[in-house]
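This report concerns only the one structure given below.
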Amino acid sequence: MSNFWNNLFTLGHFSSLIDILVVWFITYELIILLRGTKAVQLFRGIIVIAIIKILSVLLGLGTVSWMVDQVINWGFIAIIVIFQPEIRRGLEHLGRGSLIFHSKNQNEETEQMIDSLDKAIQYMSKRRIGALITIQMETGLEDYIETGIDLDAHISGALLINTFIPNTPLHDGAVIIRNHRIAVAAAYLPLSQSTMIPKELGTRHRAAVGISEVTDALTIVISEETGEVSITKDNELLRGMTQKDYLKFLHDQLIEKQQVSHNIFTAIGSWISNLSKSGKGN
């Protein structure tokens, strides 16, 4: 039995395991970065070209295979140009280390963000100031960010409140938060066509549900008529949330999941370390 494990966890097998994990992780992160952006359509086109290439080789279609080769050879330059925003965003994430680990500093930033959101929500809810705040999770929101007015500002309760004061230039539309910063204000979100949404709810709620149908974003809605606080996530509308309710929900979604992600990679690292020690002991 010990020989079996020794043979299984040889240096070659260990390298292959690392190779597979790295390729899987890069592919997963690439898909996440492309979701919610225009680049996803181009990515599908690349898959179609790859399928055509495979079929042309299997069926012996020489001319088609040559044409696809030319597209692939010159397409590499086109991909760099077309996917430039996504490549830049991915490299920025990699430089911050956020693709792999969620640091203690990030948890502190998230706590500060939740505190700022709480101050703004309490102020606007009591005064019945309508608001729509979307927080980017894993899925990119580039297509919707492009519709808004750039802010790239530090999150504060005062800034959020001033943004949604009625009859101001930025109050109509959504604030989108990305990487613990206010990316844009006055952004347009897709409206849900669901018949399950109560008729008394207006455009803000339909936009909040709409973005939750196509992305994994978390959206906070404050009703202008009643001051009611609602949250949408994963195509679910949570209405009538108290301060205790939404604070718990925000902590669960924004902090607990970060810690789970960190724990997963920590566990993988510990498992690999134990395997290495086990191999040396034998």
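Lettering and numbering for the structure tokens are positional, with chains as A, B, ... in the shown order, residues counted from 1 in each chain, and ligands counted from 1 in the shown order.
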
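Shell of A:Ile176 at 6 Å, with only C-alpha atoms counted and residues fewer than 4 places along the chain excluded, is Thr134, Ile135, Ala183 and Val184 of chain A.
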
Next, dump the selected residues to file, keeping only all heavy atoms, as a CSV table (one decimal), in the first residue's frame.
```csv
chain,number,residue,atom,x,y,z
A,134,THR,N,-25.6,49.1,-6.2
A,134,THR,CA,-25.2,47.8,-6.7
A,134,THR,C,-23.7,47.5,-6.3
A,134,THR,O,-22.9,48.4,-6.6
A,134,THR,CB,-25.4,47.6,-8.2
A,134,THR,OG1,-26.8,47.7,-8.5
A,134,THR,CG2,-24.9,46.3,-8.7
A,135,ILE,N,-23.5,46.4,-5.7
A,135,ILE,CA,-22.1,46.0,-5.4
A,135,ILE,C,-21.7,44.8,-6.2
A,135,ILE,O,-22.3,43.8,-6.3
A,135,ILE,CB,-22.0,45.6,-3.9
A,135,ILE,CG1,-22.6,46.7,-3.0
A,135,ILE,CG2,-20.6,45.2,-3.5
A,135,ILE,CD1,-22.7,46.3,-1.5
A,183,ALA,N,-17.5,53.2,-8.3
A,183,ALA,CA,-17.0,53.3,-9.6
A,183,ALA,C,-17.8,54.4,-10.4
A,183,ALA,O,-17.2,55.3,-11.0
A,183,ALA,CB,-17.2,51.9,-10.3
A,184,VAL,N,-19.1,54.3,-10.4
A,184,VAL,CA,-19.9,55.3,-11.2
A,184,VAL,C,-21.2,55.5,-10.4
A,184,VAL,O,-21.6,54.8,-9.5
A,184,VAL,CB,-20.3,54.7,-12.6
A,184,VAL,CG1,-19.0,54.6,-13.4
A,184,VAL,CG2,-21.0,53.4,-12.5
```

Give me, as a VMD selection string, all polymer residues having an atom no more than 7 Å from stretch 126-133 of chain A, counting only C-alpha atoms and skipping those fewer than 3 positions away in the same chain. chain A and resid 122 to 123 164 to 165 173 to 176 204 219 to 227

How many Å lie between atom CA of A:Thr110 and atom CA of A:His180, rounded to one decimal?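 Atom CA of A:Thr110 sits 6.8 Å away from atom CA of A:His180.
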
Between atom CA of A:Asp118 and atom CA of A:Ser156, distance in Å (one decimal): 10.0 Å

Mind listing the alpha helix (DSSP H) residues of stretch 39-205 of chain A, per DSSP on the backbone, as a PyMOL selection string? chain A and resi 39-59+62-82+84-96+104-126+142-145+157-164+203-205

Which of A:Ile77, A:Leu59, A:Ile121, A:Leu159 sits closest to A:Met241 [using only C-alpha atoms]: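 Smallest distance to A:Met241 is found for A:Ile121.
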
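Residues in contact range of A:Lys233, defined as at most 8 Å between only C-alpha atoms, with sequence neighbours fewer than 4 positions away removed, read Val209, Ser212, Asp216, Ala217, Leu218, Thr219 and Leu237 of chain A.
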
For A:Glu138, the nearest of the candidates A:Ala158, A:Val68, A:Leu17, A:Leu254, counting only C-alpha atoms: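 Residue with the minimum atom-to-atom distance to A:Glu138: A:Leu254.
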